[in-house]
$ cat data.cif   # mmCIF, C-alpha atoms and all ligand atoms
data_structure
loop_
_atom_site.label_atom_id
_atom_site.label_comp_id
_atom_site.auth_asym_id
_atom_site.auth_seq_id
_atom_site.Cartn_x
_atom_site.Cartn_y
_atom_site.Cartn_z
CA MET A 16 -1.28 35.60 4.22
CA LYS A 17 1.68 34.76 6.44
CA ALA A 18 2.36 31.05 6.90
CA LEU A 19 5.11 28.76 8.19
CA VAL A 20 5.84 26.07 5.61
CA LEU A 21 8.04 23.00 5.83
CA THR A 22 11.06 23.20 3.53
CA GLU A 23 12.90 20.39 1.71
CA ARG A 24 15.65 20.68 4.31
CA ARG A 25 13.18 20.01 7.16
CA THR A 26 13.23 23.53 8.49
CA VAL A 27 10.31 25.94 8.62
CA SER A 28 10.21 29.13 6.67
CA LEU A 29 7.87 32.13 6.93
CA VAL A 30 6.36 32.75 3.49
CA ASP A 31 3.55 34.63 1.82
CA HIS A 32 0.98 31.90 1.09
CA PRO A 33 -2.39 32.11 -0.73
CA LYS A 34 -5.24 32.79 1.71
CA PRO A 35 -7.71 29.87 1.66
CA ALA A 36 -11.31 30.53 0.61
CA ALA A 37 -14.51 28.58 1.34
CA THR A 38 -14.71 26.98 -2.10
CA ALA A 39 -16.72 23.86 -1.17
CA PRO A 40 -20.22 24.32 0.32
CA ASP A 41 -19.15 22.79 3.64
CA ASP A 42 -15.85 24.69 3.92
CA VAL A 43 -15.13 26.87 6.92
CA VAL A 44 -12.23 29.33 6.88
CA VAL A 45 -10.91 30.07 10.35
CA ARG A 46 -8.91 33.16 11.27
CA VAL A 47 -6.26 31.61 13.53
CA VAL A 48 -5.87 33.21 16.97
CA GLN A 49 -3.13 30.83 18.13
CA THR A 50 -1.72 27.39 17.45
CA GLY A 51 0.15 25.16 19.85
CA ILE A 52 3.42 23.59 18.77
CA CYS A 53 3.06 19.82 19.14
CA GLY A 54 5.72 17.21 19.76
CA THR A 55 4.79 15.94 16.30
CA ASP A 56 5.85 19.25 14.75
CA ARG A 57 9.26 18.93 16.36
CA SER A 58 9.48 15.29 15.27
CA VAL A 59 8.87 16.39 11.68
CA LEU A 60 11.76 18.84 11.86
CA VAL A 61 14.18 16.27 13.27
CA GLY A 62 13.12 13.62 10.72
CA LYS A 63 11.20 11.30 13.05
CA PHE A 64 7.78 11.93 11.50
CA PRO A 65 6.84 12.08 7.81
CA ALA A 66 5.45 15.27 6.26
CA GLU A 67 5.26 16.85 2.80
CA PRO A 68 7.66 19.72 2.04
CA GLY A 69 5.71 22.87 1.14
CA VAL A 70 2.88 22.16 3.57
CA VAL A 71 1.80 24.78 6.10
CA MET A 72 2.50 23.12 9.46
CA GLY A 73 0.49 23.27 12.70
CA HIS A 74 -2.65 21.48 13.89
CA GLU A 75 -3.54 22.56 17.47
CA ALA A 76 -5.49 25.67 16.54
CA VAL A 77 -8.18 27.97 17.87
CA GLY A 78 -9.63 31.02 16.18
CA THR A 79 -12.74 32.71 14.85
CA VAL A 80 -14.80 31.84 11.79
CA GLU A 81 -13.83 34.12 8.91
CA GLU A 82 -15.96 32.67 6.13
CA ALA A 83 -18.47 29.82 5.89
CA GLY A 84 -19.54 27.93 2.76
CA ALA A 85 -23.16 28.01 1.54
CA ALA A 86 -24.11 24.70 3.18
CA VAL A 87 -22.54 25.41 6.58
CA THR A 88 -25.15 25.54 9.33
CA ALA A 89 -23.18 25.10 12.57
CA HIS A 90 -20.99 28.19 12.31
CA LYS A 91 -21.17 31.82 11.25
CA PRO A 92 -18.46 34.46 10.89
CA GLY A 93 -17.12 35.63 14.22
CA ASP A 94 -17.84 32.37 16.10
CA ARG A 95 -15.04 31.19 18.41
CA VAL A 96 -13.88 27.73 17.35
CA VAL A 97 -11.33 24.98 17.93
CA ILE A 98 -10.27 22.68 15.11
CA ASN A 99 -10.17 18.90 15.14
CA PRO A 100 -7.29 18.07 12.78
CA THR A 101 -7.99 14.33 12.47
CA LEU A 102 -9.70 14.34 9.08
CA TYR A 103 -11.33 11.17 7.76
CA CYS A 104 -13.18 10.40 4.54
CA GLY A 105 -16.28 8.78 5.99
CA SER A 106 -16.65 6.29 3.13
CA CYS A 107 -13.73 3.80 3.20
CA PRO A 108 -14.22 0.37 4.88
CA PRO A 109 -12.75 1.38 8.28
CA CYS A 110 -14.74 4.67 8.24
CA LEU A 111 -17.96 2.80 7.40
CA ARG A 112 -17.38 0.64 10.47
CA GLY A 113 -16.98 3.83 12.55
CA HIS A 114 -13.19 3.45 12.87
CA TRP A 115 -12.62 6.98 11.55
CA ASP A 116 -9.27 7.05 13.31
CA PHE A 117 -8.08 4.26 11.01
CA CYS A 118 -9.39 5.88 7.79
CA ALA A 119 -7.71 4.31 4.77
CA ASN A 120 -7.69 7.62 2.87
CA LYS A 121 -5.50 9.66 5.22
CA ALA A 122 -2.99 10.58 2.50
CA GLY A 123 -3.41 14.24 1.70
CA THR A 124 -5.69 14.88 4.68
CA GLU A 125 -3.26 15.09 7.60
CA VAL A 126 -3.57 18.68 8.78
CA GLY A 127 -0.16 20.32 9.11
CA LEU A 128 1.59 17.26 7.63
CA ASP A 129 0.29 16.92 4.06
CA LEU A 130 -2.70 19.30 4.15
CA ASP A 131 -2.18 22.98 4.93
CA GLY A 132 -2.27 23.57 8.67
CA ALA A 133 -2.57 26.38 11.17
CA PHE A 134 0.82 28.04 11.59
CA ALA A 135 -0.76 30.72 9.42
CA GLU A 136 -3.26 33.55 9.51
CA PHE A 137 -6.07 31.35 8.14
CA ILE A 138 -6.92 27.66 7.78
CA ARG A 139 -9.73 25.99 5.82
CA LEU A 140 -11.47 22.79 6.94
CA PRO A 141 -14.76 20.99 6.31
CA GLU A 142 -17.47 22.05 8.76
CA ARG A 143 -17.50 18.80 10.75
CA PHE A 144 -13.88 19.39 11.87
CA VAL A 145 -14.64 22.83 13.31
CA HIS A 146 -16.17 22.95 16.82
CA ALA A 147 -17.57 25.78 18.90
CA VAL A 148 -15.55 26.84 21.94
CA PRO A 149 -17.92 26.86 24.94
CA GLU A 150 -18.88 30.27 26.27
CA GLY A 151 -16.58 31.33 29.06
CA MET A 152 -13.68 29.10 27.92
CA ASP A 153 -10.74 31.25 26.89
CA PHE A 154 -8.49 30.50 23.93
CA ASP A 155 -5.58 29.54 26.18
CA ARG A 156 -7.64 26.68 27.56
CA ALA A 157 -9.23 25.77 24.23
CA VAL A 158 -5.83 25.43 22.54
CA GLY A 159 -5.28 22.47 24.89
CA VAL A 160 -8.36 20.60 23.66
CA GLU A 161 -6.56 18.73 20.85
CA PRO A 162 -3.78 17.42 23.13
CA LEU A 163 -6.50 16.56 25.65
CA ALA A 164 -8.31 14.49 23.01
CA CYS A 165 -5.06 12.53 22.50
CA ALA A 166 -4.67 12.09 26.26
CA LEU A 167 -8.28 11.03 26.76
CA ASN A 168 -7.98 8.43 24.01
CA ASN A 169 -5.05 6.82 25.82
CA VAL A 170 -6.47 7.11 29.34
CA GLU A 171 -9.63 5.39 28.12
CA ALA A 172 -7.63 2.77 26.22
CA GLY A 173 -6.03 1.91 29.57
CA ARG A 174 -9.54 1.57 31.07
CA LEU A 175 -8.51 3.68 34.06
CA ARG A 176 -10.96 3.54 36.93
CA ALA A 177 -11.51 5.71 40.00
CA GLY A 178 -9.31 4.70 42.90
CA GLU A 179 -6.57 3.24 40.71
CA THR A 180 -3.02 4.53 40.35
CA ALA A 181 -1.85 5.91 37.03
CA VAL A 182 1.86 6.29 36.24
CA ILE A 183 2.33 8.85 33.48
CA VAL A 184 5.77 8.58 31.91
CA GLY A 185 7.16 11.92 30.69
CA GLY A 186 6.49 15.43 32.01
CA GLY A 187 6.08 17.18 28.67
CA PRO A 188 2.80 18.81 27.65
CA VAL A 189 1.20 15.47 26.68
CA GLY A 190 2.24 13.88 29.97
CA VAL A 191 0.85 16.82 31.93
CA VAL A 192 -2.47 16.68 30.05
CA CYS A 193 -2.65 12.90 30.59
CA ALA A 194 -2.01 13.45 34.31
CA MET A 195 -4.83 16.04 34.48
CA ALA A 196 -7.23 13.70 32.70
CA ALA A 197 -6.24 10.70 34.85
CA HIS A 198 -6.74 12.78 37.98
CA TYR A 199 -10.18 13.79 36.75
CA TYR A 200 -10.99 10.11 36.29
CA GLY A 201 -10.38 9.66 40.01
CA ALA A 202 -6.90 8.15 39.95
CA ARG A 203 -3.87 8.85 42.08
CA VAL A 204 -1.26 10.03 39.56
CA LEU A 205 2.52 9.59 39.59
CA LEU A 206 4.11 11.69 36.84
CA THR A 207 7.71 10.79 36.00
CA GLU A 208 10.19 13.25 34.51
CA PRO A 209 14.00 13.15 34.54
CA ASP A 210 14.70 16.85 33.95
CA PRO A 211 14.75 18.75 37.28
CA TYR A 212 13.64 21.99 35.70
CA ARG A 213 10.71 20.34 33.97
CA GLN A 214 9.84 18.59 37.23
CA GLU A 215 9.47 22.07 38.74
CA LEU A 216 7.24 23.23 35.85
CA CYS A 217 5.04 20.17 36.40
CA ARG A 218 4.88 20.75 40.16
CA GLU A 219 3.71 24.31 39.57
CA VAL A 220 0.93 23.06 37.30
CA PHE A 221 -0.31 20.59 39.91
CA ALA A 222 0.18 22.76 43.02
CA GLY A 223 -2.86 23.53 45.12
CA ASP A 224 -6.17 22.43 43.70
CA PHE A 225 -5.11 18.89 42.75
CA GLY A 226 -5.13 17.99 46.45
CA GLY A 227 -1.70 16.35 46.37
CA ARG A 228 -3.04 13.48 44.24
CA VAL A 229 -0.68 14.24 41.36
CA THR A 230 2.96 13.94 42.36
CA VAL A 231 6.04 14.43 40.18
CA ARG A 232 8.82 11.83 40.51
CA PRO A 233 12.24 11.21 39.00
CA PRO A 234 12.12 8.07 36.78
CA ASP A 235 14.39 6.10 39.13
CA ASP A 236 12.22 6.68 42.22
CA PRO A 237 12.07 3.15 43.74
CA ASP A 238 8.51 3.93 44.87
CA LEU A 239 7.37 3.65 41.23
CA ALA A 240 8.09 -0.06 40.78
CA GLY A 241 4.94 -2.11 40.33
CA ARG A 242 2.66 0.83 41.16
CA GLY A 243 0.69 1.60 38.02
CA ASP A 244 -2.68 0.00 37.40
CA VAL A 245 -2.35 2.00 34.21
CA VAL A 246 1.00 3.20 32.85
CA ILE A 247 1.06 5.56 29.88
CA ASP A 248 4.37 6.01 28.05
CA THR A 249 4.01 9.47 26.54
CA VAL A 250 7.63 9.42 25.38
CA GLY A 251 7.26 6.37 23.13
CA ASN A 252 10.58 4.65 23.78
CA LEU A 253 10.25 3.60 27.41
CA LEU A 254 8.33 0.34 27.19
CA GLU A 255 10.69 -1.68 29.41
CA GLN A 256 10.63 1.02 32.07
CA SER A 257 6.85 1.37 31.76
CA MET A 258 6.42 -2.38 32.27
CA ALA A 259 8.53 -2.14 35.44
CA TYR A 260 6.19 0.60 36.71
CA ALA A 261 3.12 -1.58 36.06
CA ALA A 262 1.29 -3.34 38.88
CA THR A 263 0.18 -6.97 38.58
CA ARG A 264 -2.54 -7.02 35.92
CA GLY A 265 -1.47 -3.51 34.90
CA ARG A 266 -2.28 -1.97 31.52
CA VAL A 267 0.68 -0.37 29.74
CA VAL A 268 -0.36 2.11 27.05
CA VAL A 269 2.17 3.02 24.35
CA MET A 270 1.43 6.61 23.40
CA GLY A 271 4.46 8.68 22.35
CA TYR A 272 5.14 8.47 18.63
CA ASN A 273 8.70 7.37 17.96
CA SER A 274 9.44 5.64 14.65
CA LYS A 275 12.99 4.77 15.76
CA ALA A 276 12.19 3.14 19.09
CA SER A 277 12.43 -0.58 19.73
CA ALA A 278 12.16 -2.58 22.93
CA THR A 279 13.07 -5.97 24.32
CA VAL A 280 10.38 -7.57 26.45
CA ARG A 281 10.17 -10.96 28.14
CA PRO A 282 6.95 -12.64 27.04
CA LEU A 283 6.94 -14.71 30.24
CA GLU A 284 6.83 -11.51 32.29
CA ILE A 285 3.72 -10.38 30.42
CA LEU A 286 2.16 -13.78 31.07
CA GLN A 287 3.15 -14.16 34.73
CA ARG A 288 2.31 -10.60 35.79
CA GLY A 289 -0.90 -10.49 33.76
CA LEU A 290 0.20 -7.36 31.90
CA GLN A 291 -1.55 -5.88 28.93
CA ILE A 292 0.33 -3.80 26.37
CA ILE A 293 -2.04 -1.47 24.59
CA GLY A 294 -1.79 0.76 21.53
CA ALA A 295 -4.64 3.23 21.13
CA GLY A 296 -3.92 4.72 17.71
CA ASP A 297 -5.04 8.28 17.00
CA TYR A 298 -8.23 9.39 18.70
CA ASN A 299 -11.52 8.85 16.95
CA SER A 300 -13.18 12.17 16.04
CA ARG A 301 -16.13 11.09 18.15
CA LEU A 302 -13.90 11.85 21.13
CA PHE A 303 -13.33 15.50 20.22
CA PRO A 304 -16.62 16.93 21.54
CA ARG A 305 -16.04 14.97 24.75
CA ALA A 306 -12.55 16.51 25.07
CA ILE A 307 -14.13 19.98 24.70
CA GLU A 308 -16.55 19.09 27.48
CA LEU A 309 -13.81 17.71 29.74
CA ALA A 310 -11.73 20.85 29.14
CA ARG A 311 -14.33 22.80 31.12
CA TRP A 312 -12.96 21.10 34.24
CA LEU A 313 -9.21 21.05 33.58
CA PRO A 314 -6.88 24.08 33.91
CA LEU A 315 -5.25 23.43 30.54
CA GLU A 316 -4.24 27.10 30.24
CA ARG A 317 -1.50 26.43 32.82
CA LEU A 318 0.41 24.59 30.13
CA VAL A 319 0.94 27.67 27.99
CA THR A 320 4.33 28.97 29.11
CA HIS A 321 5.45 30.76 25.92
CA ARG A 322 3.84 32.75 23.12
CA PHE A 323 5.62 33.93 19.97
CA PRO A 324 4.53 35.61 16.74
CA LEU A 325 5.05 33.52 13.57
CA GLU A 326 8.07 35.71 12.72
CA ARG A 327 9.88 34.42 15.83
CA HIS A 328 9.36 30.73 14.99
CA GLU A 329 13.03 29.90 15.53
CA GLU A 330 12.87 31.05 19.14
CA ALA A 331 9.56 29.22 19.55
CA PHE A 332 10.97 25.87 18.42
CA ALA A 333 14.22 26.49 20.31
CA ALA A 334 12.25 26.96 23.54
CA LEU A 335 11.03 23.37 23.16
CA ALA A 336 14.38 21.81 22.35
CA ALA A 337 16.42 21.86 25.51
CA ALA A 338 19.96 20.74 24.76
CA PRO A 339 21.23 17.93 27.01
CA GLY A 340 22.21 19.41 30.35
CA SER A 341 20.41 22.71 29.81
CA PRO A 342 17.05 23.36 31.45
CA TYR A 343 13.70 23.19 29.74
CA SER A 344 11.88 26.46 30.12
CA ALA A 345 8.71 25.54 28.27
CA LEU A 346 5.69 23.29 28.50
CA LYS A 347 3.37 24.44 25.71
CA VAL A 348 4.58 27.03 23.23
CA VAL A 349 1.98 28.73 21.05
CA LEU A 350 2.45 30.66 17.82
CA VAL A 351 0.34 33.72 17.14
CA PRO A 352 -0.15 35.14 13.62
CA GLU A 353 -0.09 38.81 14.64
ZN ZN B 1 -0.56 17.43 18.27
ZN ZN B 2 -12.01 6.78 5.50
#
$ encode --input "data.cif" --output "structure tokens"
Amino acid sequence: MKALVLTERRTVSLVDHPKPAATAPDDVVVRVVQTGICGTDRSVLVGKFPAEPGVVMGHEAVGTVEEAGAAVTAHKPGDRVVINPTLYCGSCPPCLRGHWDFCANKAGTEVGLDLDGAFAEFIRLPERFVHAVPEGMDFDRAVGVEPLACALNNVEAGRLRAGETAVIVGGGPVGVVCAMAAHYYGARVLLTEPDPYRQELCREVFAGDFGGRVTVRPPDDPDLAGRGDVVIDTVGNLLEQSMAYAATRGRVVVMGYNSKASATVRPLEILQRGLQIIGAGDYNSRLFPRAIELARWLPLERLVTHRFPLERHEEAFAALAAAPGSPYSALKVVLVPE
């Protein structure tokens, strides 16, 4: 089968790769319909996120069941499915306490990082990481379920309540999904984004049916200071700025993964303003079915701005990497194994 693998030089290369088979009784092989490119995938290519050379990349996938192992009961060939890529072992001490998201045996099980992922024609996973797509939900919406699970994890970590104000820092796909989720939770949402072109993309997403309760702002808008009951930094290196956006007793959630970022904070400010700085980790797999349910109500398909076949992966990644000064043209880019 065709697959995009990570090379030693941190590029991706289209290769002929062995097609996975359902060798274990609980294996499900999924024929991939499309896979979103995640910020993580880009971070791998620019050296900000670890991954094993030779691995098939990609983890935000939807498709149809191709083959099911003998013990699989939840799925049969032809079923429309979305994959939950956050594998856990179920038997280590954190897993036994239900903290599957902090599984101690992650090595070798990170889909698209050290376990073969979904920038390919097929992907194999244990049954419990394959979920049915609800009837009537199209694949363009379902491909947003995995980013939505990430967003939901962070919105809930911030304990956002109806009637509060959420400041979402960063107008990329994750920021937009966070803003949709926060809006659904009943918050007024201020979404900050420096790039004028991306601001426009965000405004188009939230035009009309969001009732004007999600507004897109430049990061230096003075109206943002002290506004957020919950502030979510989806970029990962804007903690100082996020703290300035936080209201008294605000909760600042660090979300964007950035292994190079550091920040200088004044402990007294945290104390005097009653701030809470929160890290939510990866989402617990328990959240995934809830993200599927929430996706029924959110127009996640509006995020998909670009679609490329695997062969055109260079254009696909280029669409996401706006050079300084040049406009972003993409929110979510998906790869299709035609
Ligand atoms: Zn992702
Ligand atoms: Zn475990």
$ residues_around --input "data.cif" --residues "A:Glu23" --least-positions-apart "3" --cutoff "9 Å" --atoms "all atoms listed in the file" --output "PyMOL selection string"
chain A and resi 26+67-69
$ closest_residue --input "data.cif" --among "A:Val348, A:Cys107, A:Ala331, A:Leu286" --to "ligand ZN 1 (chain B)" --atoms "all atoms listed in the file"
A:Val348
$ closest_residue --input "data.cif" --among "A:Gly62, A:Pro35, A:Gly113, A:Gly73" --to "ligand ZN 2 (chain B)" --atoms "all atoms listed in the file"
A:Gly113
$ closest_atom_pairs --input "data.cif" --of "stretch 79-193 of chain A" --to "stretch 221-237 of chain A" --cutoff "10 Å" --atoms "all atoms listed in the file" --output "JSON lines"
{"residue": "A:Thr180", "atom": "CA", "partner": "A:Arg228", "partner_atom": "CA", "distance": 9.8}
{"residue": "A:Ala181", "atom": "CA", "partner": "A:Val229", "partner_atom": "CA", "distance": 9.5}
{"residue": "A:Val182", "atom": "CA", "partner": "A:Val229", "partner_atom": "CA", "distance": 9.8}
{"residue": "A:Ile183", "atom": "CA", "partner": "A:Val231", "partner_atom": "CA", "distance": 9.5}
{"residue": "A:Val184", "atom": "CA", "partner": "A:Pro234", "partner_atom": "CA", "distance": 8.0}
{"residue": "A:Gly185", "atom": "CA", "partner": "A:Pro234", "partner_atom": "CA", "distance": 8.7}
{"residue": "A:Gly186", "atom": "CA", "partner": "A:Val231", "partner_atom": "CA", "distance": 8.2}
{"residue": "A:Val191", "atom": "CA", "partner": "A:Phe221", "partner_atom": "CA", "distance": 8.9}
$ atom_distance --input "data.cif" --atom1 "atom CA of A:Ala135" --atom2 "atom CA of A:Phe64"
20.7 Å
$ residues_near_ligand --input "data.cif" --ligand "ligand ZN 2 (chain B)" --cutoff "10 Å" --atoms "only C-alpha atoms and all ligand atoms" --output "PyMOL selection string"
chain A and resi 102-121
$ closest_residue --input "data.cif" --among "A:Val148, A:Leu163, A:Val158, A:Ala261" --to "A:Leu205" --atoms "only C-alpha atoms"
A:Ala261
$ closest_residue --input "data.cif" --among "A:Glu125, A:Glu82, A:Asp153, A:Asp41" --to "A:Leu315" --atoms "all atoms listed in the file"
A:Asp153
$ residues_near_ligand --input "data.cif" --ligand "ligand ZN 1 (chain B)" --cutoff "8 Å" --atoms "all atoms listed in the file" --output "PyMOL selection string"
chain A and resi 51-56+74-75+161-162+165
$ closest_atom_pairs --input "data.cif" --of "stretch 62-108 of chain A" --to "stretch 287-304 of chain A" --cutoff "10 Å" --atoms "all atoms listed in the file" --output "JSON lines"
{"residue": "A:Val97", "atom": "CA", "partner": "A:Phe303", "partner_atom": "CA", "distance": 10.0}
{"residue": "A:Ile98", "atom": "CA", "partner": "A:Phe303", "partner_atom": "CA", "distance": 9.3}
{"residue": "A:Asn99", "atom": "CA", "partner": "A:Phe303", "partner_atom": "CA", "distance": 6.9}
{"residue": "A:Pro100", "atom": "CA", "partner": "A:Ser300", "partner_atom": "CA", "distance": 9.0}
{"residue": "A:Thr101", "atom": "CA", "partner": "A:Ser300", "partner_atom": "CA", "distance": 6.7}
{"residue": "A:Leu102", "atom": "CA", "partner": "A:Ser300", "partner_atom": "CA", "distance": 8.1}
{"residue": "A:Tyr103", "atom": "CA", "partner": "A:Ser300", "partner_atom": "CA", "distance": 8.5}
$ write_last_selection --input "data.cif" --atoms "C-alpha atoms" --output "short mmCIF file (atom, residue, chain, number, x, y, z; two decimals), in the frame of the given file"
data_model
loop_
_atom_site.label_atom_id
_atom_site.label_comp_id
_atom_site.auth_asym_id
_atom_site.auth_seq_id
_atom_site.Cartn_x
_atom_site.Cartn_y
_atom_site.Cartn_z
CA VAL A 97 -11.33 24.98 17.93
CA ILE A 98 -10.27 22.68 15.11
CA ASN A 99 -10.17 18.90 15.14
CA PRO A 100 -7.29 18.07 12.78
CA THR A 101 -7.99 14.33 12.47
CA LEU A 102 -9.70 14.34 9.08
CA TYR A 103 -11.33 11.17 7.76
#
$ atom_distance --input "data.cif" --atom1 "atom CA of A:Ala39" --atom2 "atom CA of A:Gly84"
6.3 Å
$ residues_around --input "data.cif" --residues "A:Ile307" --least-positions-apart "5" --cutoff "8 Å" --atoms "all atoms listed in the file" --output "list of chain:residue names"
A:Val148, A:Pro149, A:Ala157, A:Val160
$ closest_residue --input "data.cif" --among "A:Val351, A:Met72, A:Ala345, A:Ala310" --to "A:Asp210" --atoms "all atoms listed in the file"
A:Ala345
$ closest_residue --input "data.cif" --among "A:Thr263, A:Ser274, A:Thr124, A:Thr207" --to "A:Ile247" --atoms "all atoms listed in the file"
A:Thr207
$ atom_distance --input "data.cif" --atom1 "atom CA of A:Glu255" --atom2 "atom CA of A:Asn169"
18.2 Å
$ residues_near_point --input "data.cif" --point "(3.6, 23.7, 33.1)" --cutoff "10 Å" --atoms "all atoms listed in the file" --output "list in words"
Gly186, Gly187, Pro188, Val191, Val192, Arg213, Gln214, Glu215, Leu216, Cys217, Arg218, Glu219, Val220, Phe221, Leu315, Glu316, Arg317, Leu318, Val319, Thr320, Ser344, Ala345, Leu346 and Lys347 of chain A
$ residues_around --input "data.cif" --residues "A:Asp31" --least-positions-apart "6" --cutoff "10 Å" --atoms "all atoms listed in the file" --output "PyMOL selection string"
chain A and resi 16-20+135
$ residues_near_point --input "data.cif" --point "(-19.2, 24.9, 3.9)" --cutoff "9 Å" --atoms "all atoms listed in the file" --output "VMD selection string"
chain A and resid 37 to 44 82 to 88 140 to 142
$ residues_around --input "data.cif" --residues "A:Val250" --least-positions-apart "3" --cutoff "8 Å" --atoms "only C-alpha atoms" --output "ChimeraX atom specification"
/A:184-185,253,270-273
